[in-house]
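Input: a single structure, listed below in structure tokens.
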Amino acid sequence: MQKKLTLFFALLTSVVFAQKKPLDHSVYDGWQSIASKQISNNGVWASYMIVPQEGDGDLYFNETLSARKLKINRGAGNSFSNDSKFSAFLIKPFFKDTRLEKIKKKKPEEQQKDTLGIVNLTTLAVTKIPRVKSFAFPDKGASIIAYLLEKPLDTSKKANAAASSKEGTDFIVKNLTTGIETTYKYVTDYKFSKDGKLLAFTASGSKKDKDAKTGVFLLNTEKGTLKTLVKTKGNYKTFVFDDEDEHLAFLGETSPEKDEIKDYSIYFTSINLDTAQVLIDKEADGMPANFVVSGDARLNFSKDGSKLFFGIAPEKKPKDTTLVDFEHAKLDIWGYKDDYLQTVQLKNVDRDLKKNFLSVINVYSADAKVIPLTDEKLPDASQVNEGNQSYVLASTDYGNRVASQWTGSTLRDYYLVDVKTGSRKKIIEKLQGNAMASPNGNYILYFNKVDGNWYTYQVATGKITSLTANLNVKFADEENDVPDYANSYGLAGWTEEDKSVLIYDKYDIWAFSPDGKDKPKNITIGFGRSNNLTFRVQRTDTEARFFKRNETLLLSTFNNATKEDGFYTKNINDNKLPELLVMDKAKFSFITKARDAVYYIYDKGSYIQSPDVYVSKDLKTAVKLSNTNLQQANYVWGTTELVKWTTPKGYKSEGILYKPENFDPNKKYPMIVYFYEKLSDGLYTYQAPAPTPSRLNIPFFVSNGYLVFTPDISYETGHPGKSAEEFINSGVEYLKKNAWVDGSKIGIQGQSWGGYQVAHLITATNMYAAAWAGAPVVNMTSAYGGIRWESGMNRQFQYEKTQSRIGATLWEKPELYIENSPLFNFPKVNTPVVVMANDADGAVPWYQGIEMFTGLRRLGKPVWLLNYNNEAHNLVQRQNRKDIQIREQQFFDYYLKGAKAPEWMVKGIPATEKGKNWGFGLTDEKP
């Protein structure tokens with residue numbers, strides 16, 4: 001009887017799988033993902049978006065204590081009111097309509113605009129307001145909403161959008177509880193005070209309406225009264241209130257509209273004053289000669305409101321309009337003493353034109369004046385203790401920048417800069433690492449990458465304390481395999497009053513007394529290291545600057561052995577072991593907690609289960625709110641398993657094996673190997689079938705009858721190619737021992753660094769029947785001196801210090817550059833290969849792909865090159881991503897499954913047929 005039941009269930013299972021179909025390229029657009037999860041302050045309402053890869057998404061509201069739900073078609077950008085009684089969001093135009101507008105090349109002012117939606121969370125009634133540009137709730141206080149409308153659509157032939165482009169639009173302020181609303185004309189910018197009792201805005205006026213008000217206004221939202229702070233027409237922006245909502249500052253300029261250079265000032269007012277006055281301009285006391293207020297800097301008050309921080313910049317010169325463009329040379333001059341290569345300078349020119357230097361004014365000082373805190377030689381600074389401290393922490397890499405060409409980073413000096421005098425005190429010199437102030441500013445904490453230890457500098461005494469040097473645990477990456485100093489594992493934060501700092505090792509969390517007087521305490525009791533668990537603090541209070549002394553921490557937890565994910569809790573002070581909340585064969589997103597209630601919202605998924613939204617009060621039990629990708633049940637999906645093996649040199653390694661869910665051990669399967677550094681931690685990560693920018697579309701190939709293997713790789717400095725052989729090939733050989741792996745039908749695919757390894761492996765072995773290399777480097781000698789165009793940086797650092805892992809200059813060890821350059825071994829290649837090299841690649845010079853193609857072509861090897869025009873290192877345009885999925889399937893299907901070859905592989909696509917014929921048609925001819 002037992003045998004009959006087993007046979008019955010086996011037959012039933014085969015029938016179920018037979019009803020499923022493999023994924024095809026038409027499924028991508030409708031596949032969904034979760035976005036924009038939020039929970040109201042009182043925890044009663046949760047919201048989230050479900051969006052397809054292409055098309056119209058939807059916004060959902062779920063009441064956490066009941067079954068009440070609301071769906072908003074095309075809703076996005078939700079925000080709850082402070083009192084949790086209302087929510088506002090934007091309703092996007094239909095995707096099909098925006099697509100048609102792009103086809104017709106409509107101007108922005110002619111395109112459809114967003115609609116504002118406001119939902120009453122008591123009645124679920126929805127109000128819609130068309131053509132809304134932006135909206136805002138105050139952080140605290142009553143349910144007041146402010147929103148700015150788009151310009152009315154003018155369809156007349158006389159419409160001149162350019163003439164009125166700087167004019168504002170209707171601005172509505174509405175009390176959602178009382179329903180009272182007021183409209184203000186020609187508004188361009190606005191900002192609530194934190195408590196919502198005040199609302200600052202600026203109006204441009206209108207050339208068509210001579211009676212329209214211009215200037216800056218302050219609305220009392222409780223009383224409905226309006227103050228005119230500035231009457232002069234101009235450009236006003238960057239409104240900022242102090243923490244008590246008693247003072248307001250903003251930037252403004254009243255220069256003639258045609259002036260290229262705008263002369264900004266900082267305006268200041270109090271709620272007790274009727275107007276705003278210029279506090280700082282270029283003539284202000286303390287302003288350096290030839291410097292002005294920067295219109296690109298942020299403004300902020302210190303927490304106590306006594307100081308106002310702002311930016312200053314050198315006065316710019318207008319362009320000389322008398323110069324005739326075609327009569328003057330256009331060139332870039334590269335100088336060996338330049339701090340940065342010209343390519344870096346050109347890449348950052350817009351940023352540098354907006355560069356400004358942090359300055360401060362002590363607002364209530366009798367002799368208030370501008371105090372510059374940074375300058376060209378000391379350009380970077382951060383405020384301490386929310387601006388209340390007597391100093392800022394400033395840093396500079398001035399004098400050390402040239403070396404970034406080959407190091408990829410720079411040494412930095414750190415200073416304490418007095419906010420009253422601007423005087424500077426150097427406290428750390430040539431640090432290879434990073435430094436930061438404690439929340440109250442009593443200490444400067446820093447990590448020194450050279451020795452892998454954490455230190456504190458005590459501001460009051462100047463004493464330096466090593467926190468970690470005497471422990472037998474490493475606080476720098478234990479698995480670092482690049483020829484550079486290891487990074488730290490980071491820190492969780494500080495306890496109140498700067499009493500202790502919580503720092504991570506690989507597994508556990510330690511509490512250190514910053515003055516070194518108390519013995520370090522492993523607050524997770526070593527439970528992480530002994531159980532192969534990595535604990536990290538999950539901050540659920542986004543406004544908290546430190547931990548309370550007796551706080552119970554929520555710990556996100558990863559099991560390094562099983563790859564399971566979950567959460568524990570641990571009190572900072574007690575000596576109990578961490579308490580388990582949940583561990584699952586899944587991946588959890590970041591958890592968001594309701595501000596005023598113990599409710600959490602998150603999403604969870606696995607490779608098998610599409611991520612869905614959950615709410616929970618304790619993280620032990622949860623309510624599932626969403627059901628994404630129900631269509632997945634109609635398709636053959638896959639399973640994952642962790643594979644472990646020992647390499648020829650005795651290294652322990654692991655990887656993921658993906659199998660079709662209808663896997664039959666009595667069959668032989670083709671296998672594709674995909675790799676990039678280490679991927680095994682993603683054992684339970686969901687992977688949607690999507691037209692990917694570069695990596696292998698794993699669920700697609702698994703659904704279509706392939707095994708996919710993703711081995712982890714560790715590296716030996718100087719020998720990245722041989723390291724790839726050591727780990728990848730040995731993992732493949734290990735799997736080939738299984739009868740269900742067809743050892744003659746194995747392909748490899750990789751992108752960028754993975755693409756390089758593909759190119760190397762096919763010179764070292766003939767075990768692979770087909771290969772796909774995206775953006776590969778094949779000649780390290782020519783790539784070494786090249787430019788990464790997306791950043792402008794030279795590539796030398798990559799070979800000497802980071803991913804390429806050579807660990808020496810080209811002149812010191814040229815033999816290593818040759819050993820690791822596949823180009824020199826192309827005569828050994830017998831594997832058909834496709835190369836993707838795009839002409840706008842900002843990371844790898846695309847001529848590396850050309851070197852690979854032309855070299856193999858010269859040798860008569862089967863090779864194809866795909867150049868997606870004006871595309872980046874990883875494909876950005878969706879139509880190109882879709883295209884490459886089809887070509888990749890056709891290529892591997894031909895060599896690994898014996899399918900027919902496509903025309904593009906057999907005949908190519910002549911330039912005369914570009915844009916007319918994509919060559920997807922199948923043929924009986926052979927490539």
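Residue numbering restarts at 1 for every chain of the structure tokens, chains are lettered A, B, ... in their displayed order, and ligands are numbered from 1 as they appear.
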Within 8 Å of Ser36 (chain A), counting only C-alpha atoms, which residues qualify if same-chain residues fewer than 3 places away don't, as a ChimeraX atom specification?
-> /A:47-49,77-78
Include C-alpha atoms and write out the residues we just selected as a PDB file, in the first residue's frame.
```pdb
ATOM      1  CA  SER A  47       1.060  51.558   3.575  1.00  0.00           C
ATOM      2  CA  TYR A  48       3.143  50.082   0.806  1.00  0.00           C
ATOM      3  CA  MET A  49       3.451  50.101  -2.953  1.00  0.00           C
ATOM      4  CA  GLY A  77       5.010  58.836  -2.457  1.00  0.00           C
ATOM      5  CA  ASN A  78       2.715  58.355   0.526  1.00  0.00           C
TER       6      ASN A  78
END
```
Using DSSP on the backbone coordinates, identify all residues within region 684-786 of chain A classified as helix (DSSP H, G or I); present the result as a PyMOL selection string.
-> chain A and resi 698-703+720-736+753-764+780-783
Shell around Ala511 (chain A) at 7 Å using only C-alpha atoms, local window under 3 positions removed, as a list of chain:residue names = A:Ser500, A:Val501, A:Leu502, A:Ile503, A:Pro520, A:Lys521, A:Asn522, A:Ile523
Those selected residues, please, written with C-alpha atoms and delivered as an mmCIF file, in the first residue's frame.
```cif
data_model
loop_
_atom_site.group_PDB
_atom_site.id
_atom_site.type_symbol
_atom_site.label_atom_id
_atom_site.label_comp_id
_atom_site.auth_asym_id
_atom_site.auth_seq_id
_atom_site.Cartn_x
_atom_site.Cartn_y
_atom_site.Cartn_z
ATOM 1 C CA SER A 500 30.400 54.109 25.954
ATOM 2 C CA VAL A 501 30.662 53.312 22.270
ATOM 3 C CA LEU A 502 29.359 50.100 20.695
ATOM 4 C CA ILE A 503 31.698 48.630 18.069
ATOM 5 C CA PRO A 520 35.719 46.322 27.282
ATOM 6 C CA LYS A 521 32.512 44.324 27.450
ATOM 7 C CA ASN A 522 31.226 41.933 24.831
ATOM 8 C CA ILE A 523 27.562 42.793 25.195
#
```
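The coordinates place CA of Leu353 (chain A) at 9.0 Å from CA of Lys316 (chain A).
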Got a sec to tell me which of region 192-305 of chain A DSSP assigns to strand (DSSP E or B), as a ChimeraX atom specification?
-> /A:192,198-203,215-220,226-230,235-241,247-253,264-270,277-280,291-293,300-301
Residue neighbourhood Pro314 (chain A), 8 Å, only C-alpha atoms, exclusion window fewer than 4 positions, as a list in words | Asn290, Phe291, Val292 and Asn356 of chain A
Excluding Asn571 (chain A) and any residue of its chain fewer than 6 positions from it, enumerate the residues within 7 Å of it, using only C-alpha atoms, and give them as a list in words.
-> Asn550, Glu551, Thr552 and Leu553 of chain A
Give the answer as one residue: which of A:Leu735, A:Gly75, A:Asn627, A:Ile261 has the shortest atom-to-atom distance to Lys317 (chain A), using only C-alpha atoms?
-> A:Ile261
Could you give me, as JSON lines, a per-residue list for region 542-604 of chain A showing, wherever an atom lies at most 12 Å from an atom of region 649-661 of chain A, the closest pair of atoms and their distance in Å to one decimal, using only C-alpha atoms and sorting by chain then residue number from low to high?
```
{"residue": "A:Asn560", "atom": "CA", "partner": "A:Glu654", "partner_atom": "CA", "distance": 11.3}
{"residue": "A:Ala561", "atom": "CA", "partner": "A:Glu654", "partner_atom": "CA", "distance": 10.1}
{"residue": "A:Thr562", "atom": "CA", "partner": "A:Glu654", "partner_atom": "CA", "distance": 11.2}
{"residue": "A:Lys563", "atom": "CA", "partner": "A:Ile656", "partner_atom": "CA", "distance": 10.8}
```
Pull C-alpha atoms from the residues just selected and write them as a PDB file, in the first residue's frame.
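Wrote selection08.pdb, looks like this:
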```pdb
ATOM      1  CA  ASN A 560      26.938  32.535   8.370  1.00  0.00           C
ATOM      2  CA  ALA A 561      26.711  28.742   8.241  1.00  0.00           C
ATOM      3  CA  THR A 562      23.090  28.238   7.160  1.00  0.00           C
ATOM      4  CA  LYS A 563      22.558  31.704   5.562  1.00  0.00           C
TER       5      LYS A 563
END
```
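When only C-alpha atoms are used to compute distances to Arg99 (chain A), the closest of the residues A:Gln749, A:Gln111, A:Asn666, A:Asn480 turns out to be A:Gln111.
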So which residues touch Arg695 (chain A) within 10 Å, counting only C-alpha atoms, skipping near sequence neighbours fewer than 3 positions away, as a list of chain:residue names?
-> A:Tyr674, A:Phe675, A:Tyr676, A:Pro691, A:Thr692, A:Ile698, A:Gln749, A:Gly750, A:Gln751, A:Ser752, A:Gly754, A:Gly755, A:Gly774, A:Asn874
Save out the residues we just selected, N, CA and C atoms, as a short mmCIF file (atom, residue, chain, number, x, y, z; two decimals), in the first residue's frame.
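Below is the file again_23.cif, written as the result:
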```cif
data_model
loop_
_atom_site.label_atom_id
_atom_site.label_comp_id
_atom_site.auth_asym_id
_atom_site.auth_seq_id
_atom_site.Cartn_x
_atom_site.Cartn_y
_atom_site.Cartn_z
N TYR A 674 27.88 31.20 -12.84
CA TYR A 674 27.94 32.67 -12.74
C TYR A 674 28.71 33.03 -11.48
N PHE A 675 29.55 34.05 -11.53
CA PHE A 675 30.37 34.36 -10.37
C PHE A 675 30.68 35.85 -10.30
N TYR A 676 30.80 36.32 -9.08
CA TYR A 676 31.28 37.67 -8.80
C TYR A 676 31.61 37.73 -7.31
N PRO A 691 14.97 41.53 -16.92
CA PRO A 691 16.04 41.82 -17.88
C PRO A 691 17.16 42.54 -17.15
N THR A 692 18.18 41.81 -16.74
CA THR A 692 19.18 42.36 -15.85
C THR A 692 20.16 43.26 -16.59
N ILE A 698 19.16 34.41 -13.45
CA ILE A 698 19.17 33.06 -12.88
C ILE A 698 17.79 32.39 -12.91
N GLN A 749 29.35 32.59 -17.23
CA GLN A 749 28.92 33.96 -17.51
C GLN A 749 29.40 34.86 -16.39
N GLY A 750 29.91 36.02 -16.75
CA GLY A 750 30.35 36.99 -15.75
C GLY A 750 30.37 38.38 -16.34
N GLN A 751 30.29 39.37 -15.47
CA GLN A 751 30.25 40.77 -15.88
C GLN A 751 31.30 41.55 -15.12
N SER A 752 32.02 42.42 -15.82
CA SER A 752 33.02 43.28 -15.22
C SER A 752 34.15 42.43 -14.65
N GLY A 754 33.78 39.73 -13.07
CA GLY A 754 33.41 38.39 -13.50
C GLY A 754 33.70 38.17 -14.97
N GLY A 755 33.54 39.22 -15.78
CA GLY A 755 33.86 39.11 -17.20
C GLY A 755 35.33 38.87 -17.42
N GLY A 774 30.99 39.93 -19.99
CA GLY A 774 30.51 41.30 -20.06
C GLY A 774 31.55 42.26 -19.53
N ASN A 874 27.10 48.74 -16.89
CA ASN A 874 25.94 47.86 -16.76
C ASN A 874 24.78 48.51 -17.51
#
```
Extract, using only C-alpha atoms, all DNA, RNA and protein residues at most 8 Å from Asp281 (chain A), discarding same-chain residues fewer than 5 positions from it, and format them as a ChimeraX atom specification.
-> /A:264-266,292-293
For the residues selected in the previous step, produce a file with N, CA and C atoms as a PDB file, in the first residue's frame.
```pdb
ATOM      1  N   TYR A 264      23.833  86.662  -3.325  1.00  0.00           N
ATOM      2  CA  TYR A 264      22.963  86.158  -2.261  1.00  0.00           C
ATOM      3  C   TYR A 264      23.281  86.790  -0.912  1.00  0.00           C
ATOM      4  N   SER A 265      22.225  86.900  -0.121  1.00  0.00           N
ATOM      5  CA  SER A 265      22.327  87.320   1.273  1.00  0.00           C
ATOM      6  C   SER A 265      21.565  86.314   2.129  1.00  0.00           C
ATOM      7  N   ILE A 266      21.829  86.363   3.420  1.00  0.00           N
ATOM      8  CA  ILE A 266      21.068  85.542   4.370  1.00  0.00           C
ATOM      9  C   ILE A 266      20.151  86.469   5.153  1.00  0.00           C
ATOM     10  N   VAL A 292      31.668  85.699  -0.900  1.00  0.00           N
ATOM     11  CA  VAL A 292      30.248  86.041  -0.826  1.00  0.00           C
ATOM     12  C   VAL A 292      29.489  84.895  -0.175  1.00  0.00           C
ATOM     13  N   VAL A 293      28.240  85.159   0.179  1.00  0.00           N
ATOM     14  CA  VAL A 293      27.352  84.102   0.664  1.00  0.00           C
ATOM     15  C   VAL A 293      27.066  83.146  -0.492  1.00  0.00           C
TER      16      VAL A 293
END
```
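With only C-alpha atoms as the atoms that count, the residue of A:Tyr635, A:Tyr455, A:Trp45, A:Phe797 with the shortest distance to Asn120 (chain A) is A:Trp45.
Atom pair CA of Ser821 (chain A) / CA of Asn779 (chain A) has a distance of 4.7 Å (rounded to one decimal).
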